[in-house]
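Undergrad: Below is a structure I'd like to ask you about.
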Number of protein chains: 2
Amino acid sequence: MATKSRSIGREVPRIGGTFVHFSVANEIGQRIVRGDYPPGTILPNEAEWSEMFGVGRSVVREAIKMLMAKNLLASRPKIGSWVEPRERWNLLDREVLTWYAASPERHTFLKTVQEFRYIIEPEAAALASQRRSESQMEAISKACFEMGTARTLSERTAADTRFHLAILRAAGNELLLPLGALIDSALEGLFVFVTREVNDIRHAQDLHEDIEKSIRLQRPDAARKAVRRLLANTDAIIARQGGGRPERGSG
Amino acid sequence: MATKSRSIGREVPRIGGTFVHFSVANEIGQRIVRGDYPPGTILPNEAEWSEMFGVGRSVVREAIKMLMAKNLLASRPKIGSWVEPRERWNLLDREVLTWYAASPERHTFLKTVQEFRYIIEPEAAALASQRRSESQMEAISKACFEMGTARTLSERTAADTRFHLAILRAAGNELLLPLGALIDSALEGLFVFVTREVNDIRHAQDLHEDIEKSIRLQRPDAARKAVRRLLANTDAIIARQGGGRPERGSG
DNA sequence: CGTCAATATATTGTCTGATAAATCCGATAA
DNA sequence: TTATCGGATTTATCAGACAATATATTGACG
């Protein structure tokens, strides 16, 4: 026997922490969202997963429980586990979003997220204009400033994320906070589209500063409109760079 | 010894299905959201939960994994499990919402949800006006009609929920679907406030029909405004009935 | 007496094996 | 043909063990 199970976890790519059940949940979750197992499909049973990944059954079970908590699947004795209909998925869950963003449908994902941002962010900015505390304003301004002085693209994206998150926070409605994950994955997904043209960067920065100013001056309506302009600009960049590649489905 | 563990599960109230780990997750999750264990608190360890609820350790672990998936807690060897900062909670998760709605802070919850609905629902209705298919329109109209003909209050609430859900669906953005849980718990929480006055019911029904009509006639702007009127009406009812009881915090 | 390193200890992480419960499916009988 | 019963499969749950890890204590050394 010897090193029978020493290769554990080599099969499944390690992700957060080094805990095996996380990796397993990640792997199975990703497969589901990616479409490997369409809704209604009966998944491999626990013993099969266990052997497939080279981990104990308890690990598989805990991973499955995590996915059940996100409504990606459900299970019953004698039946096994099956993928839930897409309607039931907790799409707004951070990890599910990440898996979606990494799936073949990432273009659809990006489009959907962008549209969703049009719903959320203008109102969030408007609320922030009315409610932001001084320290919240500072956080917003700081992130905006750091966007301008960032030296690398990823630094800029990080500051960009902080900026939008700070606005959500300042809006003073805690239900908005989980949507930070959304913006997070959106900006990350946008990364490839983002232009390096100096003029475009300058313009984008101006648009961000418009938002910052509106919130600072406590002008909800101006903030709303400024956010819409920023989103429209982003859409334009996506269309310009990614427009040549038609997606399957509704052309 | 004899019936040592025969009383299993009697300790913890059974909820969904009859599965013990669900009940345990429910109990612990509810306690956390309710505030029994404030963020940062180290929770009882697995052995203690196990004994406390009279269930096996694996059940406790699976329950904890479910709560970890909702970002309510995290854990490390030697440390134990601790409650995550509220900012990280997946507040938009169906079960978390349910626990929140049942907590002592349910009034705050209701206020927050109502405000959130102002952000989401007008835009959802506007999108639905533009995109609804015929069958989606049918679902909306049917729910609206059934609200009018409902004979009991709970029947009416059920139809009300179906109505708002159908609009979300018709909006054609899948990220909106998880928010159905939000509306669900909102209407359930509103139940106690809802008036039985015939005039009020008549008025509320008119407001719903305005929305239905706007979507049917594909008038986004009218739909948006109609939804805002409905929400304002709801707010007024809450204020009228619950206004006498001042909440702690910002009066 | 103070600082640093080794060690003890407590807790989760993981594995293994066994029993219980639930449900589907087929066989058997009316 | 139908209804009932039993077998088989899968998850649900329990139990006990060892591994990994991080805190806390303790001891040695300066």
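Every chain in the structure tokens has a letter given in the order shown (A, B, ...), and although residue numbers restart at 1 in each chain, ligands are simply numbered from 1 in the order shown.
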Mind doing a quick least-squares superposition of chain A onto chain B, all C-alpha atoms paired one-to-one in order, and writing it out as an mmCIF file with C-alpha atoms, in the first residue's frame?
TA:
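Generated file (superposed.cif):
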```cif
data_model
loop_
_atom_site.group_PDB
_atom_site.id
_atom_site.type_symbol
_atom_site.label_atom_id
_atom_site.label_comp_id
_atom_site.auth_asym_id
_atom_site.auth_seq_id
_atom_site.Cartn_x
_atom_site.Cartn_y
_atom_site.Cartn_z
ATOM 1 C CA MET A 1 -27.003 3.268 27.882
ATOM 2 C CA ALA A 2 -30.173 2.275 26.071
ATOM 3 C CA THR A 3 -31.827 5.313 24.486
ATOM 4 C CA LYS A 4 -28.723 7.370 24.814
ATOM 5 C CA SER A 5 -29.092 9.287 21.575
ATOM 6 C CA ARG A 6 -32.681 8.578 20.727
ATOM 7 C CA SER A 7 -33.700 12.111 21.610
ATOM 8 C CA ILE A 8 -31.507 13.419 18.817
ATOM 9 C CA GLY A 9 -32.883 16.385 17.001
ATOM 10 C CA ARG A 10 -35.520 17.017 19.598
ATOM 11 C CA GLU A 11 -33.300 19.756 20.939
ATOM 12 C CA VAL A 12 -33.091 21.574 17.644
ATOM 13 C CA PRO A 13 -36.351 22.545 15.971
ATOM 14 C CA ARG A 14 -36.772 20.747 12.657
ATOM 15 C CA ILE A 15 -37.188 23.032 9.708
ATOM 16 C CA GLY A 16 -36.761 22.257 6.011
ATOM 17 C CA GLY A 17 -37.052 18.599 5.148
ATOM 18 C CA THR A 18 -36.266 16.505 8.159
ATOM 19 C CA PHE A 19 -32.531 16.588 7.803
ATOM 20 C CA VAL A 20 -30.641 17.310 10.948
ATOM 21 C CA HIS A 21 -27.795 19.304 9.432
ATOM 22 C CA PHE A 22 -30.325 21.732 7.987
ATOM 23 C CA SER A 23 -31.862 22.244 11.376
ATOM 24 C CA VAL A 24 -28.500 22.751 12.990
ATOM 25 C CA ALA A 25 -27.390 25.215 10.311
ATOM 26 C CA ASN A 26 -30.674 26.995 10.732
ATOM 27 C CA GLU A 27 -30.330 27.232 14.475
ATOM 28 C CA ILE A 28 -26.737 28.435 14.462
ATOM 29 C CA GLY A 29 -27.333 30.782 11.536
ATOM 30 C CA GLN A 30 -30.331 32.317 13.197
ATOM 31 C CA ARG A 31 -28.403 32.843 16.401
ATOM 32 C CA ILE A 32 -25.609 34.579 14.581
ATOM 33 C CA VAL A 33 -27.837 36.881 12.563
ATOM 34 C CA ARG A 34 -29.962 37.532 15.616
ATOM 35 C CA GLY A 35 -26.856 38.804 17.341
ATOM 36 C CA ASP A 36 -26.347 36.138 19.996
ATOM 37 C CA TYR A 37 -22.755 35.849 18.840
ATOM 38 C CA PRO A 38 -21.505 39.237 17.622
ATOM 39 C CA PRO A 39 -18.937 39.389 14.818
ATOM 40 C CA GLY A 40 -15.509 38.372 16.037
ATOM 41 C CA THR A 41 -16.882 36.049 18.681
ATOM 42 C CA ILE A 42 -15.362 32.604 18.870
ATOM 43 C CA LEU A 43 -18.210 30.136 18.657
ATOM 44 C CA PRO A 44 -18.509 27.004 20.766
ATOM 45 C CA ASN A 45 -16.336 24.267 19.312
ATOM 46 C CA GLU A 46 -17.614 21.321 17.349
ATOM 47 C CA ALA A 47 -17.703 18.997 20.340
ATOM 48 C CA GLU A 48 -19.772 21.483 22.296
ATOM 49 C CA TRP A 49 -22.297 22.034 19.504
ATOM 50 C CA SER A 50 -22.418 18.302 19.071
ATOM 51 C CA GLU A 51 -23.331 17.748 22.685
ATOM 52 C CA MET A 52 -25.551 20.824 22.851
ATOM 53 C CA PHE A 53 -27.754 19.642 20.011
ATOM 54 C CA GLY A 54 -27.358 15.956 20.629
ATOM 55 C CA VAL A 55 -26.071 15.249 17.127
ATOM 56 C CA GLY A 56 -22.898 13.794 15.680
ATOM 57 C CA ARG A 57 -19.865 15.880 14.962
ATOM 58 C CA SER A 58 -20.149 15.358 11.210
ATOM 59 C CA VAL A 59 -23.581 16.963 11.275
ATOM 60 C CA VAL A 60 -22.179 19.972 13.070
ATOM 61 C CA ARG A 61 -19.333 20.216 10.605
ATOM 62 C CA GLU A 62 -21.651 20.074 7.609
ATOM 63 C CA ALA A 63 -23.878 22.727 9.130
ATOM 64 C CA ILE A 64 -20.864 24.937 9.738
ATOM 65 C CA LYS A 65 -19.719 24.450 6.156
ATOM 66 C CA MET A 66 -23.095 25.683 4.968
ATOM 67 C CA LEU A 67 -22.733 28.804 7.060
ATOM 68 C CA MET A 68 -19.206 29.279 5.790
ATOM 69 C CA ALA A 69 -20.610 29.200 2.275
ATOM 70 C CA LYS A 70 -22.782 32.153 3.256
ATOM 71 C CA ASN A 71 -19.804 33.939 4.761
ATOM 72 C CA LEU A 72 -21.380 34.072 8.184
ATOM 73 C CA LEU A 73 -18.383 32.445 9.792
ATOM 74 C CA ALA A 74 -14.936 31.065 9.151
ATOM 75 C CA SER A 75 -12.713 28.631 10.998
ATOM 76 C CA ARG A 76 -9.144 27.497 11.510
ATOM 77 C CA PRO A 77 -7.532 24.648 13.366
ATOM 78 C CA LYS A 78 -6.687 25.381 16.957
ATOM 79 C CA ILE A 79 -8.644 28.669 16.788
ATOM 80 C CA GLY A 80 -12.141 27.403 16.268
ATOM 81 C CA SER A 81 -14.936 29.094 14.354
ATOM 82 C CA TRP A 82 -15.647 32.776 14.629
ATOM 83 C CA VAL A 83 -18.376 35.061 13.336
ATOM 84 C CA GLU A 84 -17.297 37.069 10.328
ATOM 85 C CA PRO A 85 -17.743 40.849 10.225
ATOM 86 C CA ARG A 86 -21.222 41.764 9.108
ATOM 87 C CA GLU A 87 -19.873 43.407 5.974
ATOM 88 C CA ARG A 88 -18.912 40.021 4.625
ATOM 89 C CA TRP A 89 -22.232 38.292 5.188
ATOM 90 C CA ASN A 90 -24.155 37.229 2.112
ATOM 91 C CA LEU A 91 -27.142 39.279 3.145
ATOM 92 C CA LEU A 92 -28.813 38.596 -0.179
ATOM 93 C CA ASP A 93 -28.919 34.879 0.526
ATOM 94 C CA ARG A 94 -32.438 33.574 0.964
ATOM 95 C CA GLU A 95 -31.865 31.925 4.329
ATOM 96 C CA VAL A 96 -29.836 34.770 5.746
ATOM 97 C CA LEU A 97 -32.654 37.102 4.790
ATOM 98 C CA THR A 98 -35.129 34.880 6.559
ATOM 99 C CA TRP A 99 -33.018 34.874 9.710
ATOM 100 C CA TYR A 100 -32.610 38.627 9.507
ATOM 101 C CA ALA A 101 -36.333 39.081 9.060
ATOM 102 C CA ALA A 102 -36.934 37.021 12.199
ATOM 103 C CA SER A 103 -34.363 38.868 14.271
ATOM 104 C CA PRO A 104 -35.010 41.617 16.808
ATOM 105 C CA GLU A 105 -33.806 44.038 14.151
ATOM 106 C CA ARG A 106 -36.619 43.130 11.821
ATOM 107 C CA HIS A 107 -37.820 46.716 11.720
ATOM 108 C CA THR A 108 -34.458 47.914 10.478
ATOM 109 C CA PHE A 109 -34.531 45.008 8.071
ATOM 110 C CA LEU A 110 -37.880 46.021 6.655
ATOM 111 C CA LYS A 111 -36.788 49.606 6.215
ATOM 112 C CA THR A 112 -33.611 48.532 4.448
ATOM 113 C CA VAL A 113 -35.442 46.142 2.185
ATOM 114 C CA GLN A 114 -38.027 48.703 1.257
ATOM 115 C CA GLU A 115 -35.320 51.142 0.305
ATOM 116 C CA PHE A 116 -33.599 48.464 -1.713
ATOM 117 C CA ARG A 117 -36.823 47.741 -3.540
ATOM 118 C CA TYR A 118 -36.893 51.395 -4.638
ATOM 119 C CA ILE A 119 -33.586 50.791 -6.328
ATOM 120 C CA ILE A 120 -34.416 47.525 -8.002
ATOM 121 C CA GLU A 121 -38.068 47.243 -8.813
ATOM 122 C CA PRO A 122 -38.752 50.378 -10.830
ATOM 123 C CA GLU A 123 -35.926 49.513 -13.189
ATOM 124 C CA ALA A 124 -36.976 45.891 -13.323
ATOM 125 C CA ALA A 125 -40.473 46.949 -14.332
ATOM 126 C CA ALA A 126 -39.065 49.268 -16.956
ATOM 127 C CA LEU A 127 -36.964 46.483 -18.415
ATOM 128 C CA ALA A 128 -39.910 44.117 -18.286
ATOM 129 C CA SER A 129 -41.960 46.609 -20.295
ATOM 130 C CA GLN A 130 -39.442 46.438 -23.058
ATOM 131 C CA ARG A 131 -38.654 42.761 -23.044
ATOM 132 C CA ARG A 132 -41.505 40.734 -21.662
ATOM 133 C CA SER A 133 -42.588 37.819 -23.812
ATOM 134 C CA GLU A 134 -46.250 37.012 -24.245
ATOM 135 C CA SER A 135 -46.142 34.161 -21.786
ATOM 136 C CA GLN A 136 -44.312 36.299 -19.253
ATOM 137 C CA MET A 137 -46.970 38.977 -19.670
ATOM 138 C CA GLU A 138 -49.614 36.345 -19.068
ATOM 139 C CA ALA A 139 -47.949 35.324 -15.819
ATOM 140 C CA ILE A 140 -47.860 38.929 -14.660
ATOM 141 C CA SER A 141 -51.486 39.574 -15.571
ATOM 142 C CA LYS A 142 -52.635 36.330 -14.021
ATOM 143 C CA ALA A 143 -50.943 37.087 -10.724
ATOM 144 C CA CYS A 144 -52.391 40.594 -10.754
ATOM 145 C CA PHE A 145 -55.868 39.248 -11.417
ATOM 146 C CA GLU A 146 -55.529 36.655 -8.688
ATOM 147 C CA MET A 147 -54.549 39.375 -6.244
ATOM 148 C CA GLY A 148 -57.867 40.990 -6.935
ATOM 149 C CA THR A 149 -59.922 37.857 -6.508
ATOM 150 C CA ALA A 150 -58.082 36.436 -3.502
ATOM 151 C CA ARG A 151 -60.388 35.563 -0.638
ATOM 152 C CA THR A 152 -57.925 35.515 2.203
ATOM 153 C CA LEU A 153 -55.086 37.774 3.137
ATOM 154 C CA SER A 154 -52.468 35.080 2.757
ATOM 155 C CA GLU A 155 -53.813 34.190 -0.678
ATOM 156 C CA ARG A 156 -53.461 37.801 -1.641
ATOM 157 C CA THR A 157 -49.918 37.987 -0.320
ATOM 158 C CA ALA A 158 -49.004 34.872 -2.267
ATOM 159 C CA ALA A 159 -50.385 36.335 -5.485
ATOM 160 C CA ASP A 160 -48.635 39.610 -4.704
ATOM 161 C CA THR A 161 -45.339 37.772 -4.416
ATOM 162 C CA ARG A 162 -45.960 35.950 -7.679
ATOM 163 C CA PHE A 163 -46.711 39.279 -9.338
ATOM 164 C CA HIS A 164 -43.444 40.916 -8.337
ATOM 165 C CA LEU A 165 -41.481 37.780 -9.087
ATOM 166 C CA ALA A 166 -42.999 37.526 -12.549
ATOM 167 C CA ILE A 167 -41.881 41.074 -13.254
ATOM 168 C CA LEU A 168 -38.344 40.298 -12.148
ATOM 169 C CA ARG A 169 -38.347 37.295 -14.436
ATOM 170 C CA ALA A 170 -39.707 39.268 -17.348
ATOM 171 C CA ALA A 171 -36.986 41.861 -16.912
ATOM 172 C CA GLY A 172 -34.679 39.399 -18.591
ATOM 173 C CA ASN A 173 -31.647 39.827 -16.381
ATOM 174 C CA GLU A 174 -30.863 36.660 -14.488
ATOM 175 C CA LEU A 175 -28.998 38.521 -11.768
ATOM 176 C CA LEU A 176 -32.334 39.952 -10.689
ATOM 177 C CA LEU A 177 -33.795 36.557 -9.920
ATOM 178 C CA PRO A 178 -32.021 35.947 -6.609
ATOM 179 C CA LEU A 179 -33.597 39.182 -5.421
ATOM 180 C CA GLY A 180 -36.928 37.428 -5.505
ATOM 181 C CA ALA A 181 -36.040 36.122 -2.067
ATOM 182 C CA LEU A 182 -35.804 39.710 -0.939
ATOM 183 C CA ILE A 183 -39.261 40.640 -2.100
ATOM 184 C CA ASP A 184 -40.506 37.406 -0.683
ATOM 185 C CA SER A 185 -39.324 38.154 2.809
ATOM 186 C CA ALA A 186 -40.355 41.775 2.481
ATOM 187 C CA LEU A 187 -43.965 40.913 1.713
ATOM 188 C CA GLU A 188 -43.964 38.314 4.417
ATOM 189 C CA GLY A 189 -42.610 40.850 6.874
ATOM 190 C CA LEU A 190 -45.148 43.372 5.669
ATOM 191 C CA PHE A 191 -47.921 40.958 6.444
ATOM 192 C CA VAL A 192 -48.524 42.328 9.921
ATOM 193 C CA PHE A 193 -48.604 45.893 8.687
ATOM 194 C CA VAL A 194 -50.923 45.259 5.827
ATOM 195 C CA THR A 195 -54.245 46.905 6.215
ATOM 196 C CA ARG A 196 -57.581 45.161 6.040
ATOM 197 C CA GLU A 197 -59.450 48.365 5.205
ATOM 198 C CA VAL A 198 -61.437 47.862 2.039
ATOM 199 C CA ASN A 199 -60.508 51.244 0.646
ATOM 200 C CA ASP A 200 -56.833 50.632 1.137
ATOM 201 C CA ILE A 201 -57.038 47.242 -0.493
ATOM 202 C CA ARG A 202 -58.866 48.734 -3.441
ATOM 203 C CA HIS A 203 -56.224 51.411 -3.767
ATOM 204 C CA ALA A 204 -53.374 48.958 -3.565
ATOM 205 C CA GLN A 205 -55.040 46.833 -6.209
ATOM 206 C CA ASP A 206 -55.343 49.850 -8.501
ATOM 207 C CA LEU A 207 -51.665 50.571 -8.066
ATOM 208 C CA HIS A 208 -50.805 47.007 -9.021
ATOM 209 C CA GLU A 209 -53.016 47.195 -12.061
ATOM 210 C CA ASP A 210 -51.313 50.386 -13.139
ATOM 211 C CA ILE A 211 -48.059 48.500 -13.183
ATOM 212 C CA GLU A 212 -49.564 45.615 -15.071
ATOM 213 C CA LYS A 213 -51.046 47.942 -17.661
ATOM 214 C CA SER A 214 -47.833 49.867 -18.175
ATOM 215 C CA ILE A 215 -45.929 46.676 -18.794
ATOM 216 C CA ARG A 216 -48.619 45.366 -21.082
ATOM 217 C CA LEU A 217 -48.548 48.581 -23.111
ATOM 218 C CA GLN A 218 -44.771 48.483 -23.092
ATOM 219 C CA ARG A 219 -44.304 51.855 -21.446
ATOM 220 C CA PRO A 220 -41.092 51.690 -19.422
ATOM 221 C CA ASP A 221 -41.350 55.125 -17.953
ATOM 222 C CA ALA A 222 -44.937 54.694 -16.850
ATOM 223 C CA ALA A 223 -44.029 51.339 -15.339
ATOM 224 C CA ARG A 224 -41.174 52.858 -13.397
ATOM 225 C CA LYS A 225 -43.408 55.531 -11.979
ATOM 226 C CA ALA A 226 -46.224 53.133 -11.198
ATOM 227 C CA VAL A 227 -43.886 50.939 -9.191
ATOM 228 C CA ARG A 228 -42.634 53.969 -7.287
ATOM 229 C CA ARG A 229 -46.195 54.909 -6.439
ATOM 230 C CA LEU A 230 -46.878 51.427 -5.148
ATOM 231 C CA LEU A 231 -43.769 51.435 -2.981
ATOM 232 C CA ALA A 232 -44.623 54.875 -1.648
ATOM 233 C CA ASN A 233 -48.055 53.614 -0.724
ATOM 234 C CA THR A 234 -46.551 50.683 1.135
ATOM 235 C CA ASP A 235 -44.201 53.009 2.974
ATOM 236 C CA ALA A 236 -47.129 55.170 3.965
ATOM 237 C CA ILE A 237 -48.968 52.201 5.418
ATOM 238 C CA ILE A 238 -45.905 51.166 7.387
ATOM 239 C CA ALA A 239 -45.452 54.689 8.685
ATOM 240 C CA ARG A 240 -49.101 54.984 9.630
ATOM 241 C CA GLN A 241 -49.264 51.713 11.504
ATOM 242 C CA GLY A 242 -45.781 51.328 12.843
ATOM 243 C CA GLY A 243 -44.824 54.979 13.245
ATOM 244 C CA GLY A 244 -45.878 55.172 16.854
ATOM 245 C CA ARG A 245 -43.200 52.740 17.919
ATOM 246 C CA PRO A 246 -39.816 54.471 17.782
ATOM 247 C CA GLU A 247 -36.799 52.257 17.192
ATOM 248 C CA ARG A 248 -33.584 52.500 19.117
ATOM 249 C CA GLY A 249 -30.764 54.078 17.180
ATOM 250 C CA SER A 250 -31.220 57.062 14.936
ATOM 251 C CA GLY A 251 -34.674 58.209 15.966
#
```
Undergrad: Just the residues within 10 Å of DT25 of chain D, please, counting only C-alpha atoms (C1' of nucleotides), with nothing from its chain fewer than 6 positions along; format it as a list in words.
TA: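 Here the answer would be DT7, DA8 and DT9 of chain C.
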Undergrad: Convert the current residue selection to file output with C-alpha atoms (C1' of nucleotides), as a PDB file, in the first residue's frame.
TA:
```pdb
ATOM      1  C1'  DT C   7       7.202  22.043  23.771  1.00  0.00           C
ATOM      2  C1'  DA C   8       2.481  21.175  25.329  1.00  0.00           C
ATOM      3  C1'  DT C   9      -2.209  21.561  24.148  1.00  0.00           C
TER       4       DT C   9
END
```
Undergrad: Residues of chain C within 12 Å of chain B, counting only C-alpha atoms (C1' of nucleotides) - could you list those as a ChimeraX atom specification?
TA: /C:9-14,21-22
Undergrad: Please dump the current selection as a PDB file, in the first residue's frame; keep N, CA and C atoms (P, O5', C5', C4', C3', O3' and C1' of nucleotides).
TA:
```
ATOM      1  P    DT C   9       0.241  19.001  28.009  1.00  0.00           P
ATOM      2  O5'  DT C   9      -0.819  19.852  27.185  1.00  0.00           O
ATOM      3  C5'  DT C   9      -0.875  21.276  27.350  1.00  0.00           C
ATOM      4  C4'  DT C   9      -1.948  21.848  26.446  1.00  0.00           C
ATOM      5  C3'  DT C   9      -3.125  20.920  26.185  1.00  0.00           C
ATOM      6  O3'  DT C   9      -4.307  21.689  26.136  1.00  0.00           O
ATOM      7  C1'  DT C   9      -2.209  21.561  24.148  1.00  0.00           C
ATOM      8  P    DA C  10      -5.672  21.074  26.625  1.00  0.00           P
ATOM      9  O5'  DA C  10      -6.729  21.884  25.761  1.00  0.00           O
ATOM     10  C5'  DA C  10      -6.498  23.272  25.487  1.00  0.00           C
ATOM     11  C4'  DA C  10      -6.916  23.594  24.066  1.00  0.00           C
ATOM     12  C3'  DA C  10      -8.234  22.938  23.638  1.00  0.00           C
ATOM     13  O3'  DA C  10      -9.013  23.897  22.962  1.00  0.00           O
ATOM     14  C1'  DA C  10      -6.541  22.444  22.074  1.00  0.00           C
ATOM     15  P    DT C  11     -10.589  23.688  22.848  1.00  0.00           P
ATOM     16  O5'  DT C  11     -10.770  23.668  21.270  1.00  0.00           O
ATOM     17  C5'  DT C  11     -10.252  24.736  20.490  1.00  0.00           C
ATOM     18  C4'  DT C  11     -10.129  24.295  19.056  1.00  0.00           C
ATOM     19  C3'  DT C  11     -11.283  23.428  18.565  1.00  0.00           C
ATOM     20  O3'  DT C  11     -12.038  24.128  17.600  1.00  0.00           O
ATOM     21  C1'  DT C  11      -9.185  22.568  17.869  1.00  0.00           C
ATOM     22  P    DT C  12     -13.300  23.454  16.884  1.00  0.00           P
ATOM     23  O5'  DT C  12     -12.738  23.263  15.399  1.00  0.00           O
ATOM     24  C5'  DT C  12     -12.232  24.401  14.694  1.00  0.00           C
ATOM     25  C4'  DT C  12     -11.288  23.945  13.606  1.00  0.00           C
ATOM     26  C3'  DT C  12     -11.957  23.248  12.414  1.00  0.00           C
ATOM     27  O3'  DT C  12     -11.387  23.739  11.215  1.00  0.00           O
ATOM     28  C1'  DT C  12     -10.280  21.878  13.285  1.00  0.00           C
ATOM     29  P    DG C  13     -11.934  23.236   9.802  1.00  0.00           P
ATOM     30  O5'  DG C  13     -10.910  22.073   9.437  1.00  0.00           O
ATOM     31  C5'  DG C  13      -9.625  22.427   8.959  1.00  0.00           C
ATOM     32  C4'  DG C  13      -8.914  21.196   8.404  1.00  0.00           C
ATOM     33  C3'  DG C  13      -9.702  20.423   7.345  1.00  0.00           C
ATOM     34  O3'  DG C  13      -8.813  20.047   6.288  1.00  0.00           O
ATOM     35  C1'  DG C  13      -9.128  18.980   9.117  1.00  0.00           C
ATOM     36  P    DT C  14      -9.422  19.455   4.931  1.00  0.00           P
ATOM     37  O5'  DT C  14      -9.355  17.902   5.212  1.00  0.00           O
ATOM     38  C5'  DT C  14      -8.086  17.273   5.284  1.00  0.00           C
ATOM     39  C4'  DT C  14      -8.220  15.840   5.690  1.00  0.00           C
ATOM     40  C3'  DT C  14      -9.200  15.010   4.849  1.00  0.00           C
ATOM     41  O3'  DT C  14      -8.458  14.167   3.998  1.00  0.00           O
ATOM     42  C1'  DT C  14      -9.309  14.496   7.184  1.00  0.00           C
ATOM     43  P    DA C  21     -33.491   4.404  11.451  1.00  0.00           P
ATOM     44  O5'  DA C  21     -33.613   5.174  10.060  1.00  0.00           O
ATOM     45  C5'  DA C  21     -33.131   6.517   9.961  1.00  0.00           C
ATOM     46  C4'  DA C  21     -33.359   7.035   8.551  1.00  0.00           C
ATOM     47  C3'  DA C  21     -34.752   6.756   7.989  1.00  0.00           C
ATOM     48  O3'  DA C  21     -35.170   7.899   7.277  1.00  0.00           O
ATOM     49  C1'  DA C  21     -33.139   5.872   6.540  1.00  0.00           C
ATOM     50  P    DA C  22     -36.734   8.152   6.953  1.00  0.00           P
ATOM     51  O5'  DA C  22     -36.725   8.383   5.377  1.00  0.00           O
ATOM     52  C5'  DA C  22     -35.719   9.226   4.812  1.00  0.00           C
ATOM     53  C4'  DA C  22     -35.468   8.823   3.373  1.00  0.00           C
ATOM     54  C3'  DA C  22     -36.754   8.535   2.578  1.00  0.00           C
ATOM     55  O3'  DA C  22     -36.674   9.270   1.383  1.00  0.00           O
ATOM     56  C1'  DA C  22     -35.198   6.790   2.290  1.00  0.00           C
TER      57       DA C  22
END
```
Undergrad: Once you count only C-alpha atoms (C1' of nucleotides), which residues of chain D turn out to be within 10 Å of chain B? Could you give them as a PyMOL selection string?
TA: chain D and resi 12-15+20-23
Undergrad: Can you measure atom C1' of DC5 of chain D to atom C1' of DT28 of chain C for me? One decimal in Å is fine.
TA: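 Between atom C1' of DC5 of chain D and atom C1' of DT28 of chain C the gap works out to 8.1 Å.
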Undergrad: DSSP on the backbone, helix (DSSP H, G or I) only: what residues of segment 36-88 of chain B does that give? Format it as a list in words.
TA: Glu46, Ala47, Glu48, Trp49, Ser50, Glu51, Met52, Phe53, Arg57, Ser58, Val59, Val60, Arg61, Glu62, Ala63, Ile64, Lys65, Met66, Leu67, Met68, Ala69, Arg86, Glu87 and Arg88 of chain B
Undergrad: Those residues with C-alpha atoms, as a PDB file, in the first residue's frame please?
TA:
```pdb
ATOM      1  CA  GLU B  46     -17.598  21.279  17.285  1.00  0.00           C
ATOM      2  CA  ALA B  47     -17.649  18.945  20.245  1.00  0.00           C
ATOM      3  CA  GLU B  48     -19.745  21.393  22.233  1.00  0.00           C
ATOM      4  CA  TRP B  49     -22.267  21.944  19.430  1.00  0.00           C
ATOM      5  CA  SER B  50     -22.358  18.202  18.986  1.00  0.00           C
ATOM      6  CA  GLU B  51     -23.257  17.621  22.590  1.00  0.00           C
ATOM      7  CA  MET B  52     -25.495  20.675  22.781  1.00  0.00           C
ATOM      8  CA  PHE B  53     -27.693  19.483  19.931  1.00  0.00           C
ATOM      9  CA  ARG B  57     -19.789  15.792  14.860  1.00  0.00           C
ATOM     10  CA  SER B  58     -20.077  15.323  11.112  1.00  0.00           C
ATOM     11  CA  VAL B  59     -23.525  16.869  11.174  1.00  0.00           C
ATOM     12  CA  VAL B  60     -22.163  19.881  12.999  1.00  0.00           C
ATOM     13  CA  ARG B  61     -19.330  20.174  10.540  1.00  0.00           C
ATOM     14  CA  GLU B  62     -21.642  20.020   7.548  1.00  0.00           C
ATOM     15  CA  ALA B  63     -23.880  22.655   9.068  1.00  0.00           C
ATOM     16  CA  ILE B  64     -20.880  24.871   9.694  1.00  0.00           C
ATOM     17  CA  LYS B  65     -19.717  24.403   6.114  1.00  0.00           C
ATOM     18  CA  MET B  66     -23.100  25.631   4.934  1.00  0.00           C
ATOM     19  CA  LEU B  67     -22.751  28.738   7.043  1.00  0.00           C
ATOM     20  CA  MET B  68     -19.219  29.224   5.789  1.00  0.00           C
ATOM     21  CA  ALA B  69     -20.622  29.150   2.265  1.00  0.00           C
ATOM     22  CA  ARG B  86     -21.279  41.689   9.147  1.00  0.00           C
ATOM     23  CA  GLU B  87     -19.932  43.362   6.032  1.00  0.00           C
ATOM     24  CA  ARG B  88     -18.965  39.998   4.645  1.00  0.00           C
TER      25      ARG B  88
END
```
Undergrad: Got a sec to tell me which of segment 31-216 of chain B DSSP assigns to strand (DSSP E or B), as a PyMOL selection string?
TA: chain B and resi 42+73-76+80-83
Undergrad: Enter the distance from atom C1' of DG26 of chain C to atom C1' of DT11 of chain D, in Å, rounded to one decimal.
TA: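 Distance between the two atoms: 21.6 Å.
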